[in-house]
$ cat entry.cif   # mmCIF, C-alpha atoms
data_work
#
loop_
_atom_site.label_atom_id
_atom_site.label_comp_id
_atom_site.auth_asym_id
_atom_site.auth_seq_id
_atom_site.Cartn_x
_atom_site.Cartn_y
_atom_site.Cartn_z
CA MET A 10 0.00 0.00 0.00
CA ILE A 11 1.10 3.51 -0.74
CA HIS A 12 -0.23 6.82 0.53
CA LEU A 13 -1.20 9.79 -1.59
CA ASP A 14 -1.73 13.33 -0.39
CA VAL A 15 -4.63 14.90 -2.26
CA THR A 16 -6.86 17.94 -1.98
CA ILE A 17 -10.63 17.90 -2.36
CA MET A 18 -12.44 21.23 -2.29
CA GLY A 19 -9.44 22.84 -0.63
CA HIS A 20 -9.13 20.25 2.15
CA PRO A 21 -6.09 17.96 2.34
CA TYR A 22 -6.56 14.19 2.63
CA ARG A 23 -4.14 11.29 2.86
CA LEU A 24 -5.46 8.26 0.97
CA ALA A 25 -4.12 4.72 0.75
CA CYS A 26 -4.15 2.71 -2.45
CA ARG A 27 -2.48 -0.32 -3.96
CA ASP A 28 0.66 -0.03 -6.03
CA GLY A 29 -0.21 0.75 -9.64
CA GLU A 30 -3.55 2.38 -8.83
CA GLU A 31 -2.22 5.86 -8.07
CA LYS A 32 -3.22 7.33 -11.43
CA THR A 33 -6.76 5.99 -11.19
CA LEU A 34 -7.15 7.30 -7.65
CA ARG A 35 -5.82 10.73 -8.64
CA GLU A 36 -8.28 10.82 -11.55
CA ALA A 37 -11.13 9.89 -9.20
CA VAL A 38 -10.07 12.62 -6.77
CA SER A 39 -9.90 15.16 -9.59
CA TYR A 40 -13.34 14.15 -10.84
CA LEU A 41 -14.90 14.33 -7.37
CA ASP A 42 -13.18 17.64 -6.63
CA GLY A 43 -14.60 19.06 -9.86
CA LYS A 44 -18.11 17.88 -8.98
CA MET A 45 -17.92 19.26 -5.46
CA CYS A 46 -16.42 22.59 -6.50
CA ALA A 47 -19.08 23.03 -9.20
CA LEU A 48 -21.83 22.41 -6.64
CA ARG A 49 -20.22 24.83 -4.18
CA ASP A 50 -19.70 27.48 -6.84
CA SER A 51 -23.29 27.20 -8.07
CA GLY A 52 -24.42 28.58 -4.72
CA LYS A 53 -27.39 26.20 -4.68
CA VAL A 54 -25.92 23.84 -2.08
CA LYS A 55 -24.48 25.07 1.20
CA GLY A 56 -22.28 23.19 3.62
CA THR A 57 -19.49 20.74 2.92
CA ASP A 58 -21.50 17.72 4.09
CA ARG A 59 -24.43 18.54 1.80
CA ILE A 60 -22.07 19.21 -1.12
CA ALA A 61 -20.37 15.84 -0.55
CA VAL A 62 -23.71 14.01 -0.43
CA MET A 63 -25.01 15.73 -3.57
CA ALA A 64 -21.74 14.99 -5.42
CA ALA A 65 -21.90 11.35 -4.29
CA LEU A 66 -25.49 11.08 -5.55
CA SER A 67 -24.50 12.60 -8.88
CA VAL A 68 -21.58 10.19 -9.31
CA ALA A 69 -23.76 7.23 -8.24
CA ALA A 70 -26.42 8.19 -10.79
CA GLU A 71 -23.77 8.40 -13.53
CA PHE A 72 -22.39 5.02 -12.50
CA LEU A 73 -25.81 3.39 -12.47
CA SER A 74 -26.67 4.78 -15.90
CA VAL A 75 -23.50 3.21 -17.30
CA LYS A 76 -24.23 -0.05 -15.49
CA SER A 77 -27.83 -0.26 -16.67
CA PRO A 78 -28.76 -3.81 -17.77
CA GLN A 79 -29.59 -2.59 -21.26
CA GLY A 80 -26.36 -0.64 -21.75
CA PRO A 81 -23.49 -1.78 -23.96
CA LEU A 82 -21.17 -1.80 -20.96
CA SER A 83 -23.50 -3.63 -18.58
CA ASP A 84 -21.17 -6.58 -18.05
CA LEU A 85 -18.03 -4.49 -17.40
CA SER A 86 -16.75 -2.71 -14.33
CA ILE A 87 -15.73 0.94 -14.59
CA LEU A 88 -12.07 -0.14 -14.34
CA GLU A 89 -12.57 -2.56 -17.25
CA VAL A 90 -14.20 0.20 -19.32
CA LYS A 91 -11.25 2.48 -18.55
CA GLN A 92 -8.79 -0.27 -19.52
CA LYS A 93 -10.62 -0.82 -22.82
CA LEU A 94 -10.56 2.93 -23.54
CA ASP A 95 -6.84 3.09 -22.75
CA ALA A 96 -6.21 0.16 -25.11
CA MET A 97 -8.20 1.89 -27.87
CA HIS A 98 -6.17 5.08 -27.35
CA GLN A 99 -2.94 3.11 -27.74
CA VAL A 100 -4.17 1.52 -30.98
CA LEU A 101 -5.27 4.90 -32.34
CA ASP A 102 -1.97 6.54 -31.34
CA ALA A 103 -0.01 3.77 -33.06
CA ALA A 104 -2.15 4.04 -36.20
CA LEU A 105 -1.98 7.84 -36.37
CA SER A 106 1.67 8.25 -35.41
CA PRO A 107 3.00 7.61 -38.97
CA GLN A 108 0.57 10.23 -40.28
CA GLU A 109 2.27 12.96 -38.23
CA SER A 110 5.49 12.59 -40.21
CA LEU A 111 3.56 13.34 -43.42
CA LEU A 112 2.59 16.82 -42.23
#
$ encode --input "entry.cif" --output "structure tokens"
Amino acid sequence: MIHLDVTIMGHPYRLACRDGEEKTLREAVSYLDGKMCALRDSGKVKGTDRIAVMAALSVAAEFLSVKSPQGPLSDLSILEVKQKLDAMHQVLDAALSPQESLL
């Protein structure tokens, strides 16, 4: 286990994660921080606890919409979807890389 120091809505946190998962955890922190800051900045939600709950509900709703039984990704976890997207990016980068030398 390793420890990461992160900031969410201006508050420092020390989080533990497994080796190799730092990038994913940092992306999750960044995503949550963006959600929480947007709610705070909208002025519609007051109080850190309420902002955290509203952000959690928003993220849960997004997750459930992706995991819907009818969806194309219904049998995959979010991590598996991310891994598939990363693999597609690598294939696209490899395919497009030779094109850059033509410009």
$ closest_residue --input "entry.cif" --among "A:Asp14, A:Asp28, A:Asp50, A:Glu36" --to "A:Lys91" --atoms "all atoms listed in the file"
A:Glu36
$ resolve_selection --input "entry.cif" --expression "the PyMOL selection byres ((chain A and resi 68) around 12)" --output "list in words"
Ala37, Tyr40, Leu41, Asp42, Gly43, Lys44, Met45, Ala61, Val62, Met63, Ala64, Ala65, Leu66, Ser67, Ala69, Ala70, Glu71, Phe72, Leu73, Ser74 and Val75 of chain A
$ atom_distance --input "entry.cif" --atom1 "atom CA of A:Ser86" --atom2 "atom CA of A:Thr33"
13.6 Å
$ closest_residue --input "entry.cif" --among "A:Arg49, A:Arg59, A:Val15, A:Leu88" --to "A:Glu30" --atoms "all atoms listed in the file"
A:Leu88
$ atom_distance --input "entry.cif" --atom1 "atom CA of A:Ile87" --atom2 "atom CA of A:Leu34"
12.7 Å
$ atom_distance --input "entry.cif" --atom1 "atom CA of A:Asp58" --atom2 "atom CA of A:Cys26"
23.9 Å
$ decode --input "entry.cif" --residues "stretch 40-80 of chain A" --atoms "N, CA and C atoms" --output "CSV table (one decimal), in the first residue's frame"
chain,number,residue,atom,x,y,z
A,40,TYR,N,-11.9,14.2,-10.4
A,40,TYR,CA,-13.3,14.1,-10.8
A,40,TYR,C,-14.3,14.6,-9.7
A,41,LEU,N,-14.1,14.0,-8.5
A,41,LEU,CA,-14.9,14.3,-7.4
A,41,LEU,C,-14.7,15.8,-7.0
A,42,ASP,N,-13.5,16.2,-7.0
A,42,ASP,CA,-13.2,17.6,-6.6
A,42,ASP,C,-13.9,18.6,-7.6
A,43,GLY,N,-13.9,18.2,-8.9
A,43,GLY,CA,-14.6,19.1,-9.9
A,43,GLY,C,-16.1,19.1,-9.6
A,44,LYS,N,-16.7,17.9,-9.3
A,44,LYS,CA,-18.1,17.9,-9.0
A,44,LYS,C,-18.4,18.7,-7.8
A,45,MET,N,-17.6,18.6,-6.7
A,45,MET,CA,-17.9,19.3,-5.5
A,45,MET,C,-17.7,20.8,-5.6
A,46,CYS,N,-16.7,21.2,-6.3
A,46,CYS,CA,-16.4,22.6,-6.5
A,46,CYS,C,-17.5,23.2,-7.4
A,47,ALA,N,-18.0,22.5,-8.4
A,47,ALA,CA,-19.1,23.0,-9.2
A,47,ALA,C,-20.3,23.2,-8.4
A,48,LEU,N,-20.7,22.3,-7.5
A,48,LEU,CA,-21.8,22.4,-6.6
A,48,LEU,C,-21.7,23.6,-5.7
A,49,ARG,N,-20.5,23.7,-5.1
A,49,ARG,CA,-20.2,24.8,-4.2
A,49,ARG,C,-20.3,26.2,-4.9
A,50,ASP,N,-19.7,26.2,-6.1
A,50,ASP,CA,-19.7,27.5,-6.8
A,50,ASP,C,-21.1,27.9,-7.4
A,51,SER,N,-22.0,26.9,-7.6
A,51,SER,CA,-23.3,27.2,-8.1
A,51,SER,C,-24.1,28.0,-7.0
A,52,GLY,N,-23.7,27.9,-5.8
A,52,GLY,CA,-24.4,28.6,-4.7
A,52,GLY,C,-25.7,27.9,-4.3
A,53,LYS,N,-26.1,26.9,-5.0
A,53,LYS,CA,-27.4,26.2,-4.7
A,53,LYS,C,-27.3,25.3,-3.5
A,54,VAL,N,-26.1,24.8,-3.2
A,54,VAL,CA,-25.9,23.8,-2.1
A,54,VAL,C,-24.9,24.5,-1.1
A,55,LYS,N,-25.3,24.5,0.2
A,55,LYS,CA,-24.5,25.1,1.2
A,55,LYS,C,-24.0,24.0,2.2
A,56,GLY,N,-22.8,24.1,2.6
A,56,GLY,CA,-22.3,23.2,3.6
A,56,GLY,C,-21.5,22.0,3.0
A,57,THR,N,-20.3,21.8,3.5
A,57,THR,CA,-19.5,20.7,2.9
A,57,THR,C,-20.1,19.4,2.9
A,58,ASP,N,-20.8,19.0,4.0
A,58,ASP,CA,-21.5,17.7,4.1
A,58,ASP,C,-22.6,17.6,3.0
A,59,ARG,N,-23.4,18.6,2.8
A,59,ARG,CA,-24.4,18.5,1.8
A,59,ARG,C,-23.8,18.5,0.4
A,60,ILE,N,-22.8,19.2,0.2
A,60,ILE,CA,-22.1,19.2,-1.1
A,60,ILE,C,-21.5,17.8,-1.4
A,61,ALA,N,-20.9,17.2,-0.4
A,61,ALA,CA,-20.4,15.8,-0.5
A,61,ALA,C,-21.5,14.8,-0.9
A,62,VAL,N,-22.6,14.9,-0.2
A,62,VAL,CA,-23.7,14.0,-0.4
A,62,VAL,C,-24.3,14.2,-1.8
A,63,MET,N,-24.5,15.5,-2.2
A,63,MET,CA,-25.0,15.7,-3.6
A,63,MET,C,-24.0,15.3,-4.7
A,64,ALA,N,-22.7,15.5,-4.4
A,64,ALA,CA,-21.7,15.0,-5.4
A,64,ALA,C,-21.8,13.5,-5.5
A,65,ALA,N,-21.9,12.8,-4.3
A,65,ALA,CA,-21.9,11.3,-4.3
A,65,ALA,C,-23.1,10.8,-5.0
A,66,LEU,N,-24.3,11.5,-4.8
A,66,LEU,CA,-25.5,11.1,-5.6
A,66,LEU,C,-25.3,11.3,-7.1
A,67,SER,N,-24.7,12.3,-7.5
A,67,SER,CA,-24.5,12.6,-8.9
A,67,SER,C,-23.6,11.5,-9.5
A,68,VAL,N,-22.5,11.2,-8.8
A,68,VAL,CA,-21.6,10.2,-9.3
A,68,VAL,C,-22.3,8.8,-9.3
A,69,ALA,N,-23.0,8.5,-8.3
A,69,ALA,CA,-23.8,7.2,-8.2
A,69,ALA,C,-24.8,7.1,-9.4
A,70,ALA,N,-25.5,8.2,-9.7
A,70,ALA,CA,-26.4,8.2,-10.8
A,70,ALA,C,-25.7,8.0,-12.1
A,71,GLU,N,-24.6,8.6,-12.3
A,71,GLU,CA,-23.8,8.4,-13.5
A,71,GLU,C,-23.3,6.9,-13.6
A,72,PHE,N,-22.8,6.4,-12.5
A,72,PHE,CA,-22.4,5.0,-12.5
A,72,PHE,C,-23.5,4.1,-12.8
A,73,LEU,N,-24.7,4.3,-12.2
A,73,LEU,CA,-25.8,3.4,-12.5
A,73,LEU,C,-26.3,3.5,-13.9
A,74,SER,N,-26.2,4.7,-14.5
A,74,SER,CA,-26.7,4.8,-15.9
A,74,SER,C,-25.7,4.0,-16.8
A,75,VAL,N,-24.5,4.0,-16.5
A,75,VAL,CA,-23.5,3.2,-17.3
A,75,VAL,C,-23.7,1.7,-17.1
A,76,LYS,N,-24.1,1.3,-15.9
A,76,LYS,CA,-24.2,-0.1,-15.5
A,76,LYS,C,-25.6,-0.6,-15.8
A,77,SER,N,-26.5,0.2,-16.4
A,77,SER,CA,-27.8,-0.3,-16.7
A,77,SER,C,-27.8,-1.6,-17.4
A,78,PRO,N,-28.8,-2.5,-17.1
A,78,PRO,CA,-28.8,-3.8,-17.8
A,78,PRO,C,-28.9,-3.8,-19.3
A,79,GLN,N,-29.4,-2.7,-19.8
A,79,GLN,CA,-29.6,-2.6,-21.3
A,79,GLN,C,-28.4,-2.0,-21.9
A,80,GLY,N,-27.5,-1.4,-21.2
A,80,GLY,CA,-26.4,-0.6,-21.8
A,80,GLY,C,-25.3,-1.5,-22.4
